[in-house]
$ cat coords-v4.cif   # mmCIF, C-alpha atoms
data_data
#
loop_
_atom_site.label_atom_id
_atom_site.label_comp_id
_atom_site.auth_asym_id
_atom_site.auth_seq_id
_atom_site.Cartn_x
_atom_site.Cartn_y
_atom_site.Cartn_z
CA MET A 14 1.92 8.87 -16.04
CA ARG A 15 4.64 11.07 -14.58
CA LEU A 16 4.93 13.89 -12.11
CA HIS A 17 6.40 17.04 -13.63
CA HIS A 18 6.15 19.55 -10.80
CA LEU A 19 5.77 19.37 -7.00
CA GLU A 20 4.98 22.13 -4.53
CA LEU A 21 4.88 21.80 -0.74
CA GLU A 22 3.41 24.30 1.70
CA GLN A 23 3.92 23.72 5.43
CA PHE A 24 4.22 19.97 4.85
CA ARG A 25 6.07 18.34 7.76
CA ASN A 26 9.44 20.18 7.98
CA TYR A 27 9.00 22.03 4.65
CA GLN A 28 7.77 25.63 4.73
CA HIS A 29 7.47 26.33 1.01
CA GLU A 30 9.43 24.41 -1.60
CA GLU A 31 8.95 23.71 -5.30
CA LEU A 32 10.59 21.02 -7.41
CA ARG A 33 10.53 20.60 -11.17
CA LEU A 34 11.22 16.99 -12.13
CA GLU A 35 13.38 17.13 -15.25
CA SER A 36 14.46 13.49 -15.59
CA SER A 37 12.86 10.06 -15.24
CA ARG A 38 15.27 9.47 -12.35
CA LEU A 39 15.54 11.66 -9.28
CA LEU A 40 18.16 11.06 -6.60
CA VAL A 41 17.32 12.68 -3.26
CA LEU A 42 20.45 12.94 -1.11
CA GLY A 43 21.00 14.15 2.43
CA ASN A 44 21.81 13.22 5.98
CA ASN A 45 19.22 11.62 8.22
CA ALA A 46 16.34 13.75 9.60
CA GLN A 47 16.65 16.42 6.89
CA GLY A 48 13.39 15.70 5.04
CA LYS A 49 14.21 13.16 2.29
CA SER A 50 11.46 10.76 3.33
CA ASN A 51 9.03 13.64 3.84
CA LEU A 52 9.51 14.71 0.22
CA LEU A 53 8.87 11.21 -1.14
CA GLU A 54 5.95 10.73 1.26
CA ALA A 55 4.25 13.81 -0.24
CA ILE A 56 4.42 12.23 -3.72
CA GLU A 57 3.13 8.92 -2.36
CA LEU A 58 0.17 10.76 -0.82
CA LEU A 59 -0.69 12.39 -4.16
CA GLY A 60 -0.68 8.98 -5.85
CA THR A 61 -2.30 6.75 -3.23
CA LEU A 62 -3.89 9.09 -0.63
CA ARG A 63 -2.01 7.02 1.92
CA SER A 64 1.34 7.14 3.69
CA HIS A 65 3.45 4.13 4.60
CA ARG A 66 4.78 6.09 7.60
CA SER A 67 1.85 7.84 9.26
CA GLY A 68 -1.71 7.08 10.29
CA SER A 69 -2.74 10.64 11.17
CA ASP A 70 -3.19 13.59 8.81
CA LEU A 71 -2.25 15.99 11.62
CA GLU A 72 1.34 14.74 11.41
CA PHE A 73 1.60 16.20 7.88
CA ILE A 74 1.08 19.77 9.12
CA ASN A 75 4.20 21.75 10.00
CA GLN A 76 4.48 22.39 13.73
CA GLY A 77 2.64 25.55 14.76
CA LYS A 78 0.72 25.81 11.45
CA SER A 79 -2.94 25.09 10.73
CA VAL A 80 -2.83 24.09 7.05
CA SER A 81 -0.56 21.91 4.89
CA ILE A 82 -0.81 21.62 1.09
CA ILE A 83 0.73 19.28 -1.50
CA ARG A 84 0.39 20.26 -5.17
CA GLY A 85 1.51 18.28 -8.16
CA ILE A 86 1.28 18.68 -11.93
CA THR A 87 1.24 15.47 -13.96
CA SER A 88 2.32 14.70 -17.52
CA ASN A 89 -1.37 15.04 -18.47
CA GLU A 90 -1.21 18.62 -17.13
CA ASP A 91 -3.61 17.77 -14.28
CA LEU A 92 -3.16 19.86 -11.15
CA LEU A 93 -3.59 17.62 -8.10
CA GLU A 94 -3.94 19.10 -4.61
CA LEU A 95 -4.12 17.60 -1.15
CA GLU A 96 -4.91 19.98 1.71
CA PHE A 97 -4.73 19.03 5.38
CA ARG A 98 -6.38 21.27 7.99
CA GLN A 99 -6.25 21.13 11.76
CA ASP A 100 -9.96 21.90 12.04
CA ARG A 101 -11.55 20.60 8.83
CA GLY A 102 -9.64 17.45 7.97
CA ARG A 103 -8.57 16.63 4.43
CA GLN A 104 -9.64 18.15 1.12
CA VAL A 105 -8.80 16.84 -2.36
CA ARG A 106 -8.87 18.89 -5.57
CA ARG A 107 -8.16 18.21 -9.22
CA ASN A 108 -7.68 21.17 -11.55
CA GLY A 109 -9.07 23.47 -8.87
CA LYS A 110 -12.31 21.51 -8.38
CA ARG A 111 -12.93 19.93 -4.99
CA LEU A 112 -13.68 16.21 -5.20
CA ASP A 113 -16.49 14.99 -2.97
CA ARG A 114 -15.06 11.48 -3.11
CA GLN A 115 -11.34 11.45 -2.38
CA ASN A 116 -10.87 8.15 -4.19
CA ASP A 117 -11.70 9.87 -7.49
CA LEU A 118 -8.12 11.17 -7.38
CA LEU A 119 -6.57 7.70 -7.34
CA ARG A 120 -6.37 7.12 -11.09
CA SER A 121 -4.58 10.43 -11.66
CA LEU A 122 -1.12 9.35 -10.47
CA ARG A 123 -0.19 5.79 -9.55
CA CYS A 124 2.75 5.03 -7.23
CA VAL A 125 4.55 2.00 -5.85
CA THR A 126 6.59 2.66 -2.72
CA PHE A 127 9.42 0.47 -1.45
CA SER A 128 10.78 1.60 1.90
CA ALA A 129 12.95 0.16 4.65
CA LEU A 130 9.71 -0.52 6.56
CA ASP A 131 8.66 -2.99 3.85
CA LEU A 132 11.55 -5.23 4.78
CA HIS A 133 9.52 -6.23 7.87
CA LEU A 134 6.65 -7.41 5.67
CA LEU A 135 7.39 -11.11 6.09
CA ARG A 136 8.12 -11.22 9.81
CA GLY A 137 5.37 -8.76 10.74
CA GLU A 138 1.79 -9.44 11.75
CA PRO A 139 -0.72 -10.81 9.17
CA ALA A 140 -2.35 -7.35 9.11
CA GLN A 141 0.79 -5.98 7.39
CA ARG A 142 0.50 -8.50 4.56
CA ARG A 143 -3.23 -7.82 4.22
CA GLN A 144 -2.50 -4.09 3.98
CA TRP A 145 0.18 -4.71 1.35
CA LEU A 146 -2.28 -6.66 -0.82
CA ASP A 147 -5.08 -4.14 -0.21
CA LYS A 148 -2.86 -1.27 -1.40
CA ILE A 149 -2.25 -3.11 -4.68
CA ILE A 150 -5.98 -3.73 -5.18
CA LEU A 151 -6.70 -0.05 -4.50
CA GLN A 152 -4.36 0.96 -7.33
CA LEU A 153 -6.27 -1.32 -9.69
CA GLU A 154 -9.78 -0.77 -8.34
CA PRO A 155 -10.25 2.42 -6.26
CA VAL A 156 -13.83 1.42 -5.28
CA TYR A 157 -12.24 -1.31 -3.14
CA SER A 158 -11.56 1.29 -0.43
CA GLU A 159 -15.32 1.59 0.13
CA LEU A 160 -15.60 -2.19 0.62
CA ILE A 161 -12.78 -2.16 3.17
CA ARG A 162 -14.31 0.83 4.96
CA ARG A 163 -17.76 -0.76 5.13
CA TYR A 164 -16.41 -4.11 6.33
CA GLY A 165 -14.27 -2.42 9.01
CA LYS A 166 -17.28 -0.41 10.19
CA LEU A 167 -19.44 -3.54 10.41
CA LEU A 168 -16.77 -5.35 12.39
CA LYS A 169 -16.41 -2.44 14.83
CA GLN A 170 -20.18 -2.14 15.32
CA ARG A 171 -20.46 -5.89 15.82
CA SER A 172 -17.78 -5.78 18.52
CA GLN A 173 -19.58 -2.91 20.28
CA LEU A 174 -22.87 -4.83 20.10
CA LEU A 175 -21.33 -7.91 21.72
CA ARG A 176 -20.22 -5.83 24.70
CA LYS A 177 -23.67 -4.42 25.39
CA SER A 178 -26.01 -5.94 27.97
CA LEU A 179 -28.89 -7.08 25.75
CA ARG A 180 -31.48 -9.81 26.06
CA GLN A 181 -30.22 -12.97 24.37
CA SER A 182 -33.14 -13.09 21.94
CA HIS A 183 -32.63 -9.48 20.87
CA LEU A 184 -28.85 -9.94 20.58
CA HIS A 185 -29.25 -12.97 18.31
CA GLU A 186 -31.67 -11.08 16.07
CA LEU A 187 -29.20 -8.24 15.66
CA LEU A 188 -26.28 -10.62 15.03
CA ASP A 189 -28.32 -12.35 12.31
CA ILE A 190 -28.59 -8.98 10.55
CA PHE A 191 -24.85 -8.41 10.92
CA ASP A 192 -24.17 -11.91 9.56
CA GLN A 193 -26.10 -11.10 6.37
CA GLN A 194 -24.25 -7.82 5.83
CA GLN A 195 -20.79 -9.17 6.68
CA SER A 196 -21.20 -12.18 4.41
CA LEU A 197 -22.23 -9.88 1.55
CA ILE A 198 -19.32 -7.42 1.95
CA GLY A 199 -16.79 -9.95 3.24
CA VAL A 200 -17.05 -12.23 0.21
CA LYS A 201 -16.42 -9.27 -2.12
CA VAL A 202 -13.21 -8.55 -0.16
CA HIS A 203 -12.22 -12.24 -0.22
CA ARG A 204 -12.70 -12.48 -4.00
CA ARG A 205 -10.65 -9.40 -4.77
CA ARG A 206 -7.78 -10.48 -2.55
CA TYR A 207 -7.85 -14.00 -3.99
CA ARG A 208 -7.79 -12.74 -7.58
CA ALA A 209 -5.11 -10.11 -6.97
CA LEU A 210 -2.80 -12.64 -5.33
CA ASN A 211 -3.29 -15.05 -8.24
CA ARG A 212 -2.29 -12.26 -10.63
CA ILE A 213 0.79 -11.15 -8.74
CA GLU A 214 2.13 -14.63 -7.85
CA PRO A 215 3.68 -15.55 -11.25
CA LEU A 216 5.33 -12.12 -11.47
CA ALA A 217 6.80 -12.46 -7.97
CA ALA A 218 7.95 -16.01 -8.75
CA TYR A 219 9.75 -14.73 -11.86
CA TRP A 220 11.60 -12.03 -9.92
CA GLN A 221 12.57 -14.39 -7.10
CA GLU A 222 13.98 -16.85 -9.61
CA HIS A 223 15.86 -14.01 -11.31
CA ILE A 224 17.30 -12.64 -8.06
CA SER A 225 18.40 -16.09 -6.87
CA ASN A 226 19.89 -17.05 -10.26
CA GLY A 227 17.26 -19.76 -10.66
CA HIS A 228 17.88 -21.43 -7.29
CA GLU A 229 14.71 -20.44 -5.38
CA ARG A 230 11.00 -20.88 -6.03
CA LEU A 231 8.49 -18.45 -4.56
CA ARG A 232 4.81 -19.17 -4.05
CA LEU A 233 2.04 -17.01 -2.56
CA VAL A 234 -0.86 -18.73 -0.81
CA TYR A 235 -4.10 -16.98 0.11
CA GLN A 236 -5.22 -18.38 3.46
CA SER A 237 -8.76 -17.11 3.78
CA GLY A 238 -10.20 -16.14 7.16
CA SER A 239 -13.21 -18.17 6.07
CA ILE A 240 -13.08 -21.74 4.80
CA LEU A 241 -14.23 -21.27 1.21
CA PRO A 242 -15.01 -23.88 -1.48
CA ASP A 243 -12.48 -24.33 -4.28
CA GLU A 244 -15.08 -23.27 -6.84
CA GLU A 245 -14.99 -19.48 -7.09
CA SER A 246 -18.66 -18.56 -6.93
CA GLU A 247 -19.80 -15.40 -5.11
CA HIS A 248 -23.16 -16.96 -4.19
CA LEU A 249 -21.60 -20.21 -2.96
CA TRP A 250 -18.87 -18.37 -1.05
CA ARG A 251 -21.43 -16.10 0.59
CA GLU A 252 -23.62 -19.01 1.73
CA THR A 253 -20.54 -20.80 3.13
CA PHE A 254 -19.31 -17.63 4.87
CA LEU A 255 -22.78 -17.02 6.35
CA SER A 256 -22.92 -20.58 7.68
CA GLN A 257 -19.50 -20.20 9.37
CA LEU A 258 -20.53 -16.91 10.99
CA GLN A 259 -23.50 -18.68 12.52
CA GLU A 260 -21.44 -21.70 13.61
CA GLN A 261 -18.94 -19.53 15.52
CA ARG A 262 -21.73 -17.62 17.32
CA GLU A 263 -21.43 -19.46 20.63
CA GLN A 264 -17.67 -18.89 20.87
CA GLU A 265 -18.13 -15.30 19.75
CA LEU A 266 -20.58 -14.60 22.56
CA ARG A 267 -18.04 -15.90 25.08
CA THR A 268 -15.02 -14.02 23.74
CA CYS A 269 -16.71 -10.97 22.13
CA GLN A 270 -14.60 -11.59 19.01
CA CYS A 271 -15.69 -12.55 15.50
CA THR A 272 -13.33 -15.31 14.37
CA VAL A 273 -14.43 -15.60 10.72
CA GLY A 274 -13.88 -13.20 7.84
CA PRO A 275 -11.36 -11.15 5.83
CA HIS A 276 -9.95 -9.61 9.03
CA ARG A 277 -8.48 -13.08 9.71
CA ASP A 278 -6.93 -13.50 6.25
CA GLU A 279 -3.27 -14.44 5.93
CA ILE A 280 -0.97 -14.32 2.90
CA ASN A 281 1.54 -17.12 3.27
CA VAL A 282 4.80 -16.52 1.41
CA MET A 283 6.43 -19.85 0.61
CA LEU A 284 10.07 -20.22 -0.40
CA ASP A 285 10.84 -23.68 -1.77
CA GLU A 286 7.61 -24.86 -0.07
CA MET A 287 8.75 -23.59 3.35
CA ILE A 288 7.03 -20.70 5.16
CA ALA A 289 9.43 -17.84 4.51
CA ARG A 290 8.75 -15.86 7.69
CA ARG A 291 9.91 -18.86 9.74
CA TYR A 292 12.69 -20.40 7.71
CA ALA A 293 14.10 -17.85 5.25
CA SER A 294 17.37 -16.13 6.14
CA SER A 295 17.54 -12.35 6.47
CA GLY A 296 19.10 -12.12 3.01
CA GLN A 297 16.42 -14.33 1.49
CA GLN A 298 13.69 -12.25 3.13
CA ARG A 299 15.14 -9.09 1.59
CA SER A 300 15.17 -10.82 -1.80
CA ILE A 301 11.54 -11.88 -1.39
CA VAL A 302 10.37 -8.37 -0.51
CA LEU A 303 12.32 -7.04 -3.49
CA ALA A 304 10.60 -9.64 -5.72
CA LEU A 305 7.17 -8.71 -4.33
CA LYS A 306 7.75 -5.01 -4.99
CA MET A 307 8.97 -5.57 -8.55
CA ALA A 308 5.93 -7.82 -9.14
CA GLU A 309 3.66 -5.07 -7.79
CA LEU A 310 5.23 -2.61 -10.22
CA ASP A 311 4.83 -5.00 -13.17
CA LEU A 312 1.22 -5.87 -12.32
CA ILE A 313 0.05 -2.25 -12.10
CA SER A 314 1.84 -1.46 -15.38
CA LYS A 315 0.23 -4.44 -17.09
CA ILE A 316 -3.32 -3.91 -15.83
CA CYS A 317 -3.43 -0.11 -16.06
CA GLY A 318 -1.50 0.21 -19.31
CA GLU A 319 0.91 2.81 -17.91
CA SER A 320 3.96 2.74 -15.68
CA PRO A 321 3.49 3.90 -12.08
CA ILE A 322 6.02 6.06 -10.28
CA LEU A 323 8.48 3.98 -8.28
CA ILE A 324 9.50 5.47 -4.93
CA LEU A 325 12.50 3.97 -3.14
CA ASP A 326 12.71 5.48 0.33
CA ASP A 327 15.94 4.77 2.22
CA VAL A 328 15.87 1.17 1.03
CA MET A 329 19.33 1.11 -0.59
CA ALA A 330 21.12 1.11 2.76
CA GLU A 331 19.18 -2.02 3.77
CA LEU A 332 20.27 -4.05 0.73
CA ASP A 333 23.68 -5.58 0.09
CA GLN A 334 25.59 -4.56 -3.04
CA HIS A 335 24.31 -7.51 -5.09
CA ARG A 336 20.67 -6.67 -4.37
CA GLN A 337 21.29 -2.96 -4.91
CA GLU A 338 22.65 -3.67 -8.39
CA LEU A 339 19.77 -6.06 -9.19
CA LEU A 340 17.22 -3.46 -8.14
CA LEU A 341 18.81 -0.60 -10.11
CA ASP A 342 19.29 -2.78 -13.21
CA ALA A 343 15.65 -3.91 -13.08
CA ILE A 344 14.22 -0.38 -13.18
CA ARG A 345 13.54 0.31 -16.82
CA GLU A 346 13.71 3.76 -18.42
CA GLU A 347 9.92 4.02 -18.80
CA TYR A 348 9.53 4.15 -15.02
CA GLN A 349 9.84 7.48 -13.25
CA CYS A 350 11.92 6.54 -10.23
CA LEU A 351 12.56 8.66 -7.14
CA VAL A 352 15.24 7.38 -4.77
CA SER A 353 16.47 8.69 -1.42
CA ALA A 354 19.87 7.88 0.06
CA THR A 355 22.49 9.37 2.35
CA SER A 356 25.30 8.93 -0.19
CA ILE A 357 25.70 9.03 -3.95
CA ASN A 358 28.09 6.08 -3.71
CA VAL A 359 25.28 3.47 -3.63
CA PHE A 360 24.37 4.30 -7.25
CA THR A 361 26.07 2.97 -10.36
CA PRO A 362 27.84 5.44 -12.69
CA VAL A 363 25.00 5.02 -15.22
CA TRP A 364 22.44 6.08 -12.63
CA HIS A 365 24.63 8.92 -11.43
CA LYS A 366 25.01 10.38 -14.95
CA SER A 367 21.39 9.91 -16.07
CA SER A 368 19.67 11.27 -12.95
CA GLN A 369 18.53 14.63 -11.67
CA ILE A 370 20.11 15.09 -8.25
CA ILE A 371 18.90 17.23 -5.36
CA LYS A 372 20.17 17.59 -1.82
CA VAL A 373 17.88 18.10 1.17
CA ILE A 374 19.12 20.21 4.09
CA SER A 375 16.69 21.06 6.91
CA GLY A 376 13.64 21.09 4.64
CA LYS A 377 15.33 23.01 1.82
CA LEU A 378 15.82 21.55 -1.68
CA ILE A 379 19.16 22.30 -3.33
CA SER A 380 19.86 21.31 -6.92
CA VAL A 381 23.16 19.49 -7.51
CA GLU A 382 24.80 20.23 -10.84
CA GLN A 383 26.30 17.31 -12.76
CA ASN A 384 29.94 17.60 -13.85
#
$ encode --input "coords-v4.cif" --output "structure tokens"
Amino acid sequence: MRLHHLELEQFRNYQHEELRLESSRLLVLGNNAQGKSNLLEAIELLGTLRSHRSGSDLEFINQGKSVSIIRGITSNEDLLELEFRQDRGRQVRRNGKRLDRQNDLLRSLRCVTFSALDLHLLRGEPAQRRQWLDKIILQLEPVYSELIRRYGKLLKQRSQLLRKSLRQSHLHELLDIFDQQQSLIGVKVHRRRYRALNRIEPLAAYWQEHISNGHERLRLVYQSGSILPDEESEHLWRETFLSQLQEQREQELRTCQCTVGPHRDEINVMLDEMIARRYASSGQQRSIVLALKMAELDLISKICGESPILILDDVMAELDQHRQELLLDAIREEYQCLVSATSINVFTPVWHKSSQIIKVISGKLISVEQN
């Protein structure tokens, strides 16, 4: 699946711009703070309904305006539209028809984004690694977003309940109900994360070995927020999870925090059997993130049967020349790849000659003719 045409209306610093994508490779050049990342973010939103940069839809609307629209036409001739309104939130349309469930758009255009922010994946909080894995699962199974939403809502309601002044007997009755619901939803989240990590691990290990010329071994370990049996059985896992929720009840009542469940999951990245976030050098950490992103790309291609769009947002400047060349060489022709950079010099002559090039100046897109 490819994107053939993009139109932006009042999106961030763009007033109205259109872009026809004529090549499988698009180089987006320009100085900082001109709108390169905004352009790529718009495409990411069409493909994933999420942004790696922003948590609020209001940030997508141009200052002083009330509505922002992203439109895209895919290689299947589907017209995809995302509309953000100050007063009515977000609306999603496909071929002019409004979708009641936003997630129905997710299979229309798949994207993998690699940005400079991803380079903090290893040293960041466990929540960042959970979000990275969740985004992969969402590409493969859009219904997963409903599981995450329901589990998050249960966790928030449970926390609010613990802070209320209720009779102990009544509080325990309500927590028993929450335990049943959280064990049901939580185990479904656990299973999907566990399976996704098992699928992506051999791909990431291959890329790490390739990047390090065979000198480094990468392993991904799913450290569940619940102590689960080795046998993967939904019924057995649920009963075990339920038992642990009940066992932590006394501590939970003291601290008003639930200490068991997917919200406590960790993904341990091991390099030569050492925890990478503690012992890997800065260069090794960049290589690991690069391996994880290439594995993500390969997994989605393999499972979905089509190549996702690869978005590289200001990541070239964060990689040394060796890793830049490895990344560019690894991107096969079947991938539509969109790359932002401040200079054309980071690209190899092959990339320079085979790419469509545009320059971004203050929210305006200017085509650059090849010599």
$ resolve_selection --input "coords-v4.cif" --expression "the PyMOL selection byres ((chain A and resi 307-309) around 10)" --output "PyMOL selection string"
chain A and resi 125-127+145-146+148-149+212-221+301-306+310-315+321+323+340+343-344
$ residues_around --input "coords-v4.cif" --residues "Ile379 of chain A" --least-positions-apart "5" --cutoff "10 Å" --atoms "all atoms listed in the file" --output "list in words"
Leu32, Val41, Leu42, Ile370, Ile371, Lys372, Val373 and Ile374 of chain A
$ closest_residue --input "coords-v4.cif" --among "A:Glu265, A:Ile190, A:Asp70, A:Arg208" --to "Glu245 of chain A" --atoms "only C-alpha atoms"
A:Arg208
$ closest_residue --input "coords-v4.cif" --among "A:Ser121, A:Ser196, A:Gln23, A:Gln297" --to "Ile224 of chain A" --atoms "only C-alpha atoms"
A:Gln297
$ atom_distance --input "coords-v4.cif" --atom1 "atom CA of Leu188 of chain A" --atom2 "atom CA of Arg176 of chain A"
12.4 Å
$ closest_residue --input "coords-v4.cif" --among "A:Ser256, A:Ser178, A:Gln270, A:Asn226" --to "His335 of chain A" --atoms "all atoms listed in the file"
A:Asn226
$ residues_around --input "coords-v4.cif" --residues "Ile322 of chain A" --least-positions-apart "3" --cutoff "8 Å" --atoms "all atoms listed in the file" --output "PDB file with C-alpha atoms, keeping the file's coordinate frame"
ATOM      1  CA  MET A  14       1.920   8.870 -16.040  1.00  0.00           C
ATOM      2  CA  ARG A  15       4.640  11.070 -14.580  1.00  0.00           C
ATOM      3  CA  LEU A 122      -1.120   9.350 -10.470  1.00  0.00           C
ATOM      4  CA  ARG A 123      -0.190   5.790  -9.550  1.00  0.00           C
ATOM      5  CA  CYS A 124       2.750   5.030  -7.230  1.00  0.00           C
ATOM      6  CA  VAL A 125       4.550   2.000  -5.850  1.00  0.00           C
ATOM      7  CA  TYR A 348       9.530   4.150 -15.020  1.00  0.00           C
ATOM      8  CA  GLN A 349       9.840   7.480 -13.250  1.00  0.00           C
ATOM      9  CA  CYS A 350      11.920   6.540 -10.230  1.00  0.00           C
ATOM     10  CA  LEU A 351      12.560   8.660  -7.140  1.00  0.00           C
TER      11      LEU A 351
END
$ atom_distance --input "coords-v4.cif" --atom1 "atom CA of Thr61 of chain A" --atom2 "atom CA of Arg103 of chain A"
14.0 Å
$ residues_around --input "coords-v4.cif" --residues "Ser172 of chain A" --least-positions-apart "3" --cutoff "8 Å" --atoms "all atoms listed in the file" --output "list in words"
Leu168, Lys169, Leu175, Arg176, Cys269, Gln270 and Cys271 of chain A
$ atom_distance --input "coords-v4.cif" --atom1 "atom CA of Gln194 of chain A" --atom2 "atom CA of Arg262 of chain A"
15.3 Å
$ resolve_selection --input "coords-v4.cif" --expression "the PyMOL selection byres ((chain A and resi 332) around 12)" --output "ChimeraX atom specification"
/A:127-129,132,295-303,325,327-331,333-341,354,359
$ resolve_selection --input "coords-v4.cif" --expression "the PyMOL selection byres ((chain A and resi 84-93) around 8)" --output "number ranges by chain"
A: 14-21, 59, 82-83, 94-95, 105-109, 118, 121-122
$ build_atoms --input "coords-v4.cif" --residues "segment 245-260 of chain A" --atoms "N, CA, C and O atoms" --output "mmCIF file, keeping the file's coordinate frame"
data_model
loop_
_atom_site.group_PDB
_atom_site.id
_atom_site.type_symbol
_atom_site.label_atom_id
_atom_site.label_comp_id
_atom_site.auth_asym_id
_atom_site.auth_seq_id
_atom_site.Cartn_x
_atom_site.Cartn_y
_atom_site.Cartn_z
ATOM 1 N N GLU A 245 -14.825 -20.902 -7.355
ATOM 2 C CA GLU A 245 -14.990 -19.480 -7.090
ATOM 3 C C GLU A 245 -16.354 -19.014 -7.566
ATOM 4 O O GLU A 245 -16.561 -18.676 -8.733
ATOM 5 N N SER A 246 -17.295 -19.006 -6.650
ATOM 6 C CA SER A 246 -18.660 -18.560 -6.930
ATOM 7 C C SER A 246 -19.074 -17.619 -5.805
ATOM 8 O O SER A 246 -19.061 -18.017 -4.630
ATOM 9 N N GLU A 247 -19.449 -16.373 -6.147
ATOM 10 C CA GLU A 247 -19.800 -15.400 -5.110
ATOM 11 C C GLU A 247 -20.982 -15.880 -4.271
ATOM 12 O O GLU A 247 -20.988 -15.744 -3.052
ATOM 13 N N HIS A 248 -21.988 -16.467 -4.924
ATOM 14 C CA HIS A 248 -23.160 -16.960 -4.190
ATOM 15 C C HIS A 248 -22.776 -18.104 -3.254
ATOM 16 O O HIS A 248 -23.162 -18.113 -2.075
ATOM 17 N N LEU A 249 -22.006 -19.062 -3.776
ATOM 18 C CA LEU A 249 -21.600 -20.210 -2.960
ATOM 19 C C LEU A 249 -20.697 -19.776 -1.819
ATOM 20 O O LEU A 249 -20.847 -20.233 -0.679
ATOM 21 N N TRP A 250 -19.763 -18.874 -2.103
ATOM 22 C CA TRP A 250 -18.870 -18.370 -1.050
ATOM 23 C C TRP A 250 -19.662 -17.640 0.025
ATOM 24 O O TRP A 250 -19.379 -17.774 1.213
ATOM 25 N N ARG A 251 -20.657 -16.862 -0.390
ATOM 26 C CA ARG A 251 -21.430 -16.100 0.590
ATOM 27 C C ARG A 251 -22.217 -17.050 1.498
ATOM 28 O O ARG A 251 -22.265 -16.847 2.723
ATOM 29 N N GLU A 252 -22.849 -18.062 0.915
ATOM 30 C CA GLU A 252 -23.620 -19.010 1.730
ATOM 31 C C GLU A 252 -22.702 -19.749 2.707
ATOM 32 O O GLU A 252 -23.068 -19.988 3.864
ATOM 33 N N THR A 253 -21.505 -20.105 2.256
ATOM 34 C CA THR A 253 -20.540 -20.800 3.130
ATOM 35 C C THR A 253 -20.067 -19.878 4.247
ATOM 36 O O THR A 253 -19.973 -20.284 5.414
ATOM 37 N N PHE A 254 -19.757 -18.631 3.893
ATOM 38 C CA PHE A 254 -19.310 -17.630 4.870
ATOM 39 C C PHE A 254 -20.401 -17.388 5.909
ATOM 40 O O PHE A 254 -20.151 -17.355 7.125
ATOM 41 N N LEU A 255 -21.646 -17.252 5.452
ATOM 42 C CA LEU A 255 -22.780 -17.020 6.350
ATOM 43 C C LEU A 255 -22.945 -18.177 7.327
ATOM 44 O O LEU A 255 -23.159 -17.974 8.534
ATOM 45 N N SER A 256 -22.799 -19.387 6.825
ATOM 46 C CA SER A 256 -22.920 -20.580 7.680
ATOM 47 C C SER A 256 -21.834 -20.597 8.759
ATOM 48 O O SER A 256 -22.096 -20.919 9.924
ATOM 49 N N GLN A 257 -20.606 -20.201 8.392
ATOM 50 C CA GLN A 257 -19.500 -20.200 9.370
ATOM 51 C C GLN A 257 -19.673 -19.091 10.413
ATOM 52 O O GLN A 257 -19.306 -19.280 11.579
ATOM 53 N N LEU A 258 -20.241 -17.966 10.017
ATOM 54 C CA LEU A 258 -20.530 -16.910 10.990
ATOM 55 C C LEU A 258 -21.523 -17.404 12.046
ATOM 56 O O LEU A 258 -21.381 -17.125 13.239
ATOM 57 N N GLN A 259 -22.499 -18.156 11.594
ATOM 58 C CA GLN A 259 -23.500 -18.680 12.520
ATOM 59 C C GLN A 259 -22.931 -19.783 13.409
ATOM 60 O O GLN A 259 -23.239 -19.863 14.597
ATOM 61 N N GLU A 260 -22.041 -20.600 12.842
ATOM 62 C CA GLU A 260 -21.440 -21.700 13.610
ATOM 63 C C GLU A 260 -20.528 -21.194 14.716
ATOM 64 O O GLU A 260 -20.388 -21.847 15.755
#
